[in-house]
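Engineer: Take this structure first; my questions come after.
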Protein chains: 4
Amino acid sequence: MSAVIRFGVAMEEELLKKFDRLINRKGYANRSEAIRDLIRNNLVEEEWEAGNKETVGTVTIVYSHHVHELTDILTELQHQYHSEIISSMHVHLDVHNCLEVLAVRGKPARIKKIADALISVKGVKHGRLVMTTVGEGL
Amino acid sequence: MSAVIRFGVAMEEELLKKFDRLINRKGYANRSEAIRDLIRNNLVEEEWEAGNKETVGTVTIVYSHHVHELTDILTELQHQYHSEIISSMHVHLDVHNCLEVLAVRGKPARIKKIADALISVKGVKHGRLVMTTVGEGL
Amino acid sequence: MSAVIRFGVAMEEELLKKFDRLINRKGYANRSEAIRDLIRNNLVEEEWEAGNKETVGTVTIVYSHHVHELTDILTELQHQYHSEIISSMHVHLDVHNCLEVLAVRGKPARIKKIADALISVKGVKHGRLVMTTVGEGL
Amino acid sequence: MSAVIRFGVAMEEELLKKFDRLINRKGYANRSEAIRDLIRNNLVEEEWEAGNKETVGTVTIVYSHHVHELTDILTELQHQYHSEIISSMHVHLDVHNCLEVLAVRGKPARIKKIADALISVKGVKHGRLVMTTVGEGL
């Protein structure tokens, strides 16, 4: 872990008041943590845009397990990408619908490809990729 | 499950060709499934904007478990929202960093509040909420 | 204009270095300005989500003026919303295609309605709403 | 303009009803136009991600002209990119604040660079890039 540095930020009083109200509502303990979060968000976006470093994402899908052979297809697909899909979590939403979240590790383009492959399966009603980070240096 | 209806869509040949290439690259079996996905995406967005129906989201957070008391704070927080947080999955990214995904059920505003509460904790490096759906009628 | 306040922010050296590289690449003169921009972005998003204050947006549309009566329909629509549409800019992209940007003022829901109305017109190929701000207090 | 092709789409009645309500609310004349819009949106996103073709974007900025030398700096910057910035529109929001929208043409990376350069200027309170299209073949 690297040393902590302290630096000054200048801001109009009115803007600062609005910011304080916002971070208070969101539950931040102090301005530094809120500002670090804004910065880390920015850096994670850049990392995904650059695309050259290994990172991590989560793929959330909602599907009906009543669709013919869907569970088999999804299992098959996940095994095909077994070296990138680290783990998954399954939630039974109701009699028909399932929520599944997969943690995927790899280069951005590869993670996007895996997300596309899962989301495009017939019977998958909704899918979203979260582009997050391995956390190193953030 | 409701009856399947078939209707016609008119499109310029050039646009259709581009669409076919795109969905082929994404892995869709046919145009109908790709179009249904686009439509369901739109409906899920609307559902979250309307905000009045119970839905489901996933919260992805990346944090360092070396931060003092962080694990306790996160556990405490999750228990506070135990009636909405259905389940969670934990991945050890490296010696320091953890990835955690939580499935959360409730009204949109409530799910957002829980996501904000988790993401704003000091030591949580990155966090994202996926606004998805309970899947009913989609 | 309100008084300028200076406050301290604590950050790990490694994170700060990454941030410095990012804002340097984006062209920021200093950290304060980059941080203020991140904060203002956040506040503008919140303002649109709250939805109760008058604000401003821009609607960008691309369309082919060769589509039968399209220009008339768009003109007609814009006059219908003349009290909210402040001004527009037109660019001739090629023989067929036009880019038009409209500045719209009003409550968020109203601006979204006007954007939807323009983007949904047959012949409008692409449309996007920018949710920005009247700038007061930011 | 290319020939119009008609093809069939299969959809569950319940999903179709929801879609019909949505597009009716948004003002679409018929399903074909709404579906074409969803498809074109997708294609434009892909075009920007691919990044190799000339395209067009609009940059919306809100700033206070009372900030020392800001107008000069923005004018200077715009002239520096005069070969890409096609046109601009200016709106006086109030005594202090201005809204400016610029139409920019070029490769995606170049347009993003120009947007970053403008948005990062001290005194620019908010800025957004709309990634749109030259419309050809859509």
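By convention in this document, the chains of the structure tokens carry letters A, B, ... by their order, each chain's residues are numbered from 1, and ligands are numbered from 1 in the order they are shown.
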Write out as a VMD selection string the residues lying within 7 Å of segment 39-49 of chain C, counting only C-alpha atoms and excluding same-chain residues fewer than 4 positions away.

Structural biologist: (chain A and resid 19) or (chain C and resid 35 108 132 to 133 138) or (chain D and resid 125 to 126)

Engineer: Those selected residues, please, written with all heavy atoms and delivered as a PDB file, in the first residue's frame.

Structural biologist:
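File written: selection.pdb
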```
ATOM      1  N   PHE A  19     -22.274  19.731  -2.896  1.00  0.00           N
ATOM      2  CA  PHE A  19     -21.537  18.462  -2.881  1.00  0.00           C
ATOM      3  C   PHE A  19     -21.687  17.791  -1.516  1.00  0.00           C
ATOM      4  O   PHE A  19     -21.940  16.586  -1.426  1.00  0.00           O
ATOM      5  CB  PHE A  19     -20.059  18.725  -3.198  1.00  0.00           C
ATOM      6  CG  PHE A  19     -19.208  17.484  -3.233  1.00  0.00           C
ATOM      7  CD1 PHE A  19     -19.562  16.390  -4.003  1.00  0.00           C
ATOM      8  CD2 PHE A  19     -18.026  17.426  -2.504  1.00  0.00           C
ATOM      9  CE1 PHE A  19     -18.758  15.248  -4.041  1.00  0.00           C
ATOM     10  CE2 PHE A  19     -17.223  16.295  -2.543  1.00  0.00           C
ATOM     11  CZ  PHE A  19     -17.590  15.203  -3.305  1.00  0.00           C
TER      12      PHE A  19
ATOM     13  N   ILE C  35     -11.485  17.903 -10.288  1.00  0.00           N
ATOM     14  CA  ILE C  35     -12.368  17.417  -9.219  1.00  0.00           C
ATOM     15  C   ILE C  35     -13.696  18.166  -9.228  1.00  0.00           C
ATOM     16  O   ILE C  35     -14.761  17.572  -9.068  1.00  0.00           O
ATOM     17  CB  ILE C  35     -11.650  17.520  -7.848  1.00  0.00           C
ATOM     18  CG1 ILE C  35     -10.563  16.438  -7.779  1.00  0.00           C
ATOM     19  CG2 ILE C  35     -12.623  17.390  -6.688  1.00  0.00           C
ATOM     20  CD1 ILE C  35      -9.631  16.536  -6.589  1.00  0.00           C
ATOM     21  N   PRO C 108     -37.246  18.475 -16.404  1.00  0.00           N
ATOM     22  CA  PRO C 108     -36.685  17.260 -17.014  1.00  0.00           C
ATOM     23  C   PRO C 108     -37.695  16.403 -17.783  1.00  0.00           C
ATOM     24  O   PRO C 108     -37.436  16.023 -18.931  1.00  0.00           O
ATOM     25  CB  PRO C 108     -36.108  16.512 -15.814  1.00  0.00           C
ATOM     26  CG  PRO C 108     -35.676  17.599 -14.887  1.00  0.00           C
ATOM     27  CD  PRO C 108     -36.717  18.676 -15.033  1.00  0.00           C
ATOM     28  N   THR C 132     -28.186  18.562 -19.506  1.00  0.00           N
ATOM     29  CA  THR C 132     -27.184  19.451 -18.939  1.00  0.00           C
ATOM     30  C   THR C 132     -27.850  20.365 -17.911  1.00  0.00           C
ATOM     31  O   THR C 132     -28.788  19.944 -17.227  1.00  0.00           O
ATOM     32  CB  THR C 132     -26.368  20.167 -20.030  1.00  0.00           C
ATOM     33  OG1 THR C 132     -25.351  20.945 -19.419  1.00  0.00           O
ATOM     34  CG2 THR C 132     -27.194  20.970 -20.990  1.00  0.00           C
ATOM     35  N   THR C 133     -27.415  21.582 -17.789  1.00  0.00           N
ATOM     36  CA  THR C 133     -27.786  22.405 -16.641  1.00  0.00           C
ATOM     37  C   THR C 133     -27.874  23.874 -17.032  1.00  0.00           C
ATOM     38  O   THR C 133     -27.234  24.291 -17.999  1.00  0.00           O
ATOM     39  CB  THR C 133     -26.709  22.247 -15.534  1.00  0.00           C
ATOM     40  OG1 THR C 133     -26.939  23.212 -14.522  1.00  0.00           O
ATOM     41  CG2 THR C 133     -25.303  22.445 -16.073  1.00  0.00           C
ATOM     42  N   LEU C 138     -23.347  26.229  -9.910  1.00  0.00           N
ATOM     43  CA  LEU C 138     -22.407  25.129 -10.158  1.00  0.00           C
ATOM     44  C   LEU C 138     -21.001  25.680 -10.423  1.00  0.00           C
ATOM     45  O   LEU C 138     -20.846  26.746 -10.944  1.00  0.00           O
ATOM     46  CB  LEU C 138     -22.848  24.277 -11.351  1.00  0.00           C
ATOM     47  CG  LEU C 138     -24.067  23.392 -11.154  1.00  0.00           C
ATOM     48  CD1 LEU C 138     -24.246  22.496 -12.350  1.00  0.00           C
ATOM     49  CD2 LEU C 138     -23.881  22.505  -9.914  1.00  0.00           C
TER      50      LEU C 138
ATOM     51  N   LYS D 125     -18.593  24.515 -16.834  1.00  0.00           N
ATOM     52  CA  LYS D 125     -19.222  23.860 -15.686  1.00  0.00           C
ATOM     53  C   LYS D 125     -19.691  22.453 -15.987  1.00  0.00           C
ATOM     54  O   LYS D 125     -19.724  21.592 -15.118  1.00  0.00           O
ATOM     55  CB  LYS D 125     -20.421  24.696 -15.226  1.00  0.00           C
ATOM     56  CG  LYS D 125     -20.038  26.089 -14.771  1.00  0.00           C
ATOM     57  CD  LYS D 125     -21.281  26.854 -14.365  1.00  0.00           C
ATOM     58  CE  LYS D 125     -20.894  28.128 -13.637  1.00  0.00           C
ATOM     59  NZ  LYS D 125     -22.084  28.839 -13.138  1.00  0.00           N
ATOM     60  N   HIS D 126     -20.137  22.247 -17.196  1.00  0.00           N
ATOM     61  CA  HIS D 126     -20.657  20.930 -17.554  1.00  0.00           C
ATOM     62  C   HIS D 126     -20.456  20.716 -19.042  1.00  0.00           C
ATOM     63  O   HIS D 126     -20.561  21.647 -19.826  1.00  0.00           O
ATOM     64  CB  HIS D 126     -22.160  20.838 -17.226  1.00  0.00           C
ATOM     65  CG  HIS D 126     -22.694  19.442 -17.250  1.00  0.00           C
ATOM     66  ND1 HIS D 126     -23.595  18.991 -18.179  1.00  0.00           N
ATOM     67  CD2 HIS D 126     -22.417  18.380 -16.453  1.00  0.00           C
ATOM     68  CE1 HIS D 126     -23.877  17.711 -17.950  1.00  0.00           C
ATOM     69  NE2 HIS D 126     -23.177  17.323 -16.906  1.00  0.00           N
TER      70      HIS D 126
END
```

Engineer: Please identify all residues of chain C having at least one atom at most 8 Å from any atom of chain D, considering only C-alpha atoms, and return them as number ranges by chain.

Structural biologist: C: 26-29, 33-34, 37, 40-41, 58, 60, 62-64, 86-89, 91, 93, 97, 101, 103, 113, 116-117, 120-122, 125-128, 130, 132-136, 138

Engineer: Give the strand (DSSP E) residues of segment 24-116 of chain A, as DSSP finds them on the backbone, and put them as JSON, numbers by chain.

Structural biologist: {"A": [55, 56, 57, 58, 59, 60, 61, 62, 63, 64, 85, 86, 87, 88, 89, 90, 91, 92, 97, 98, 99, 100, 101, 102, 103, 104, 105, 106]}

Engineer: I need the chosen residues saved as a compact mmCIF listing (two decimals), in the first residue's frame, with N, CA, C and O atoms.

Structural biologist:
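Once written, again.txt looks like this:
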```
# COMPACT_ATOMS: atom_id res chain seq x y z
N THR A 55 -8.69 -7.44 -16.58
CA THR A 55 -9.56 -6.82 -15.59
C THR A 55 -10.68 -7.80 -15.24
O THR A 55 -10.59 -8.98 -15.55
N VAL A 56 -11.71 -7.31 -14.57
CA VAL A 56 -12.77 -8.21 -14.16
C VAL A 56 -14.13 -7.55 -14.37
O VAL A 56 -14.26 -6.32 -14.33
N GLY A 57 -15.12 -8.36 -14.70
CA GLY A 57 -16.47 -7.85 -14.90
C GLY A 57 -17.47 -8.82 -14.30
O GLY A 57 -17.13 -9.95 -13.99
N THR A 58 -18.69 -8.33 -14.11
CA THR A 58 -19.75 -9.26 -13.69
C THR A 58 -20.86 -9.19 -14.73
O THR A 58 -21.19 -8.12 -15.23
N VAL A 59 -21.39 -10.36 -15.06
CA VAL A 59 -22.48 -10.43 -16.02
C VAL A 59 -23.74 -10.87 -15.28
O VAL A 59 -23.74 -11.92 -14.65
N THR A 60 -24.76 -10.03 -15.32
CA THR A 60 -26.04 -10.34 -14.69
C THR A 60 -27.02 -10.76 -15.77
O THR A 60 -27.21 -10.02 -16.73
N ILE A 61 -27.62 -11.92 -15.64
CA ILE A 61 -28.66 -12.31 -16.61
C ILE A 61 -29.92 -12.76 -15.87
O ILE A 61 -29.85 -13.32 -14.78
N VAL A 62 -31.06 -12.47 -16.49
CA VAL A 62 -32.35 -12.94 -15.97
C VAL A 62 -32.96 -13.81 -17.06
O VAL A 62 -33.01 -13.40 -18.22
N TYR A 63 -33.38 -15.01 -16.70
CA TYR A 63 -33.94 -15.89 -17.72
C TYR A 63 -34.99 -16.81 -17.12
O TYR A 63 -35.06 -16.97 -15.90
N SER A 64 -35.78 -17.39 -18.01
CA SER A 64 -36.78 -18.36 -17.55
C SER A 64 -36.23 -19.75 -17.77
O SER A 64 -35.91 -20.14 -18.90
N ILE A 85 -14.51 -17.55 -16.58
CA ILE A 85 -15.62 -17.40 -15.63
C ILE A 85 -15.18 -17.99 -14.28
O ILE A 85 -15.02 -19.19 -14.12
N ILE A 86 -14.99 -17.11 -13.31
CA ILE A 86 -14.45 -17.51 -12.02
C ILE A 86 -15.51 -18.22 -11.18
O ILE A 86 -15.25 -19.23 -10.54
N SER A 87 -16.69 -17.68 -11.17
CA SER A 87 -17.70 -18.16 -10.23
C SER A 87 -19.06 -17.63 -10.66
O SER A 87 -19.16 -16.69 -11.45
N SER A 88 -20.14 -18.24 -10.16
CA SER A 88 -21.46 -17.71 -10.47
C SER A 88 -22.39 -17.85 -9.27
O SER A 88 -22.17 -18.67 -8.38
N MET A 89 -23.42 -17.04 -9.26
CA MET A 89 -24.42 -17.07 -8.19
C MET A 89 -25.79 -17.16 -8.83
O MET A 89 -26.05 -16.49 -9.83
N HIS A 90 -26.66 -17.96 -8.27
CA HIS A 90 -27.97 -18.18 -8.85
C HIS A 90 -29.06 -17.82 -7.83
O HIS A 90 -28.98 -18.21 -6.67
N VAL A 91 -30.07 -17.07 -8.28
CA VAL A 91 -31.19 -16.72 -7.42
C VAL A 91 -32.50 -17.12 -8.10
O VAL A 91 -32.69 -16.82 -9.28
N HIS A 92 -33.39 -17.79 -7.39
CA HIS A 92 -34.69 -18.16 -7.94
C HIS A 92 -35.66 -17.00 -7.72
O HIS A 92 -36.09 -16.76 -6.59
N ASN A 97 -38.61 -17.56 -13.25
CA ASN A 97 -37.46 -16.72 -13.57
C ASN A 97 -36.27 -16.91 -12.64
O ASN A 97 -36.43 -17.07 -11.43
N CYS A 98 -35.09 -16.87 -13.24
CA CYS A 98 -33.84 -17.01 -12.51
C CYS A 98 -32.99 -15.76 -12.73
O CYS A 98 -33.02 -15.17 -13.81
N LEU A 99 -32.22 -15.43 -11.71
CA LEU A 99 -31.20 -14.40 -11.85
C LEU A 99 -29.86 -15.09 -11.68
O LEU A 99 -29.68 -15.88 -10.74
N GLU A 100 -28.94 -14.82 -12.58
CA GLU A 100 -27.62 -15.41 -12.42
C GLU A 100 -26.58 -14.31 -12.60
O GLU A 100 -26.71 -13.45 -13.47
N VAL A 101 -25.57 -14.32 -11.74
CA VAL A 101 -24.48 -13.36 -11.87
C VAL A 101 -23.19 -14.14 -11.99
O VAL A 101 -22.93 -15.05 -11.21
N LEU A 102 -22.38 -13.77 -12.98
CA LEU A 102 -21.10 -14.44 -13.20
C LEU A 102 -19.97 -13.45 -13.04
O LEU A 102 -20.05 -12.33 -13.55
N ALA A 103 -18.93 -13.85 -12.38
CA ALA A 103 -17.72 -13.04 -12.29
C ALA A 103 -16.77 -13.53 -13.39
O ALA A 103 -16.49 -14.73 -13.48
N VAL A 104 -16.32 -12.62 -14.22
CA VAL A 104 -15.49 -12.98 -15.38
C VAL A 104 -14.19 -12.20 -15.36
O VAL A 104 -14.18 -10.99 -15.12
N ARG A 105 -13.10 -12.87 -15.63
CA ARG A 105 -11.79 -12.23 -15.61
C ARG A 105 -11.10 -12.36 -16.95
O ARG A 105 -11.11 -13.43 -17.55
N GLY A 106 -10.49 -11.28 -17.45
CA GLY A 106 -9.79 -11.34 -18.72
C GLY A 106 -9.60 -9.94 -19.30
O GLY A 106 -9.84 -8.95 -18.61
```

Engineer: Identify, on the basis of only C-alpha atoms, every residue whose closest approach to Ala10 of chain C does not exceed 8 Å; exclude the query and any residue fewer than 6 positions from it along the same chain; express the result as a ChimeraX atom specification.

Structural biologist: /A:4-7,32

Engineer: Please, what distance in Å, to one decimal, runs between atom CA of Arg31 of chain B and atom CA of Val9 of chain D?

Structural biologist: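 If I compute the distance from atom CA of Arg31 of chain B to atom CA of Val9 of chain D, I get 7.3 Å.
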
Engineer: Give me, please, the distance in Å between atom CA of Ser83 of chain A and atom CA of Ala109 of chain A, quoted to one decimal.

Structural biologist: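 Computing the Euclidean distance for atom CA of Ser83 of chain A and atom CA of Ala109 of chain A yields 15.1 Å.
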
Engineer: Name the residues of chain D that come out as alpha helix (DSSP H) in a backbone DSSP run; write them as number ranges by chain.

Structural biologist: D: 13-26, 31-50, 70-80, 108-119

Engineer: Please report the interatomic distance between atom CA of Gly8 of chain D and atom CA of Glu13 of chain B in Å with one decimal.

Structural biologist: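 Here the two named atoms are 14.4 Å from each other.
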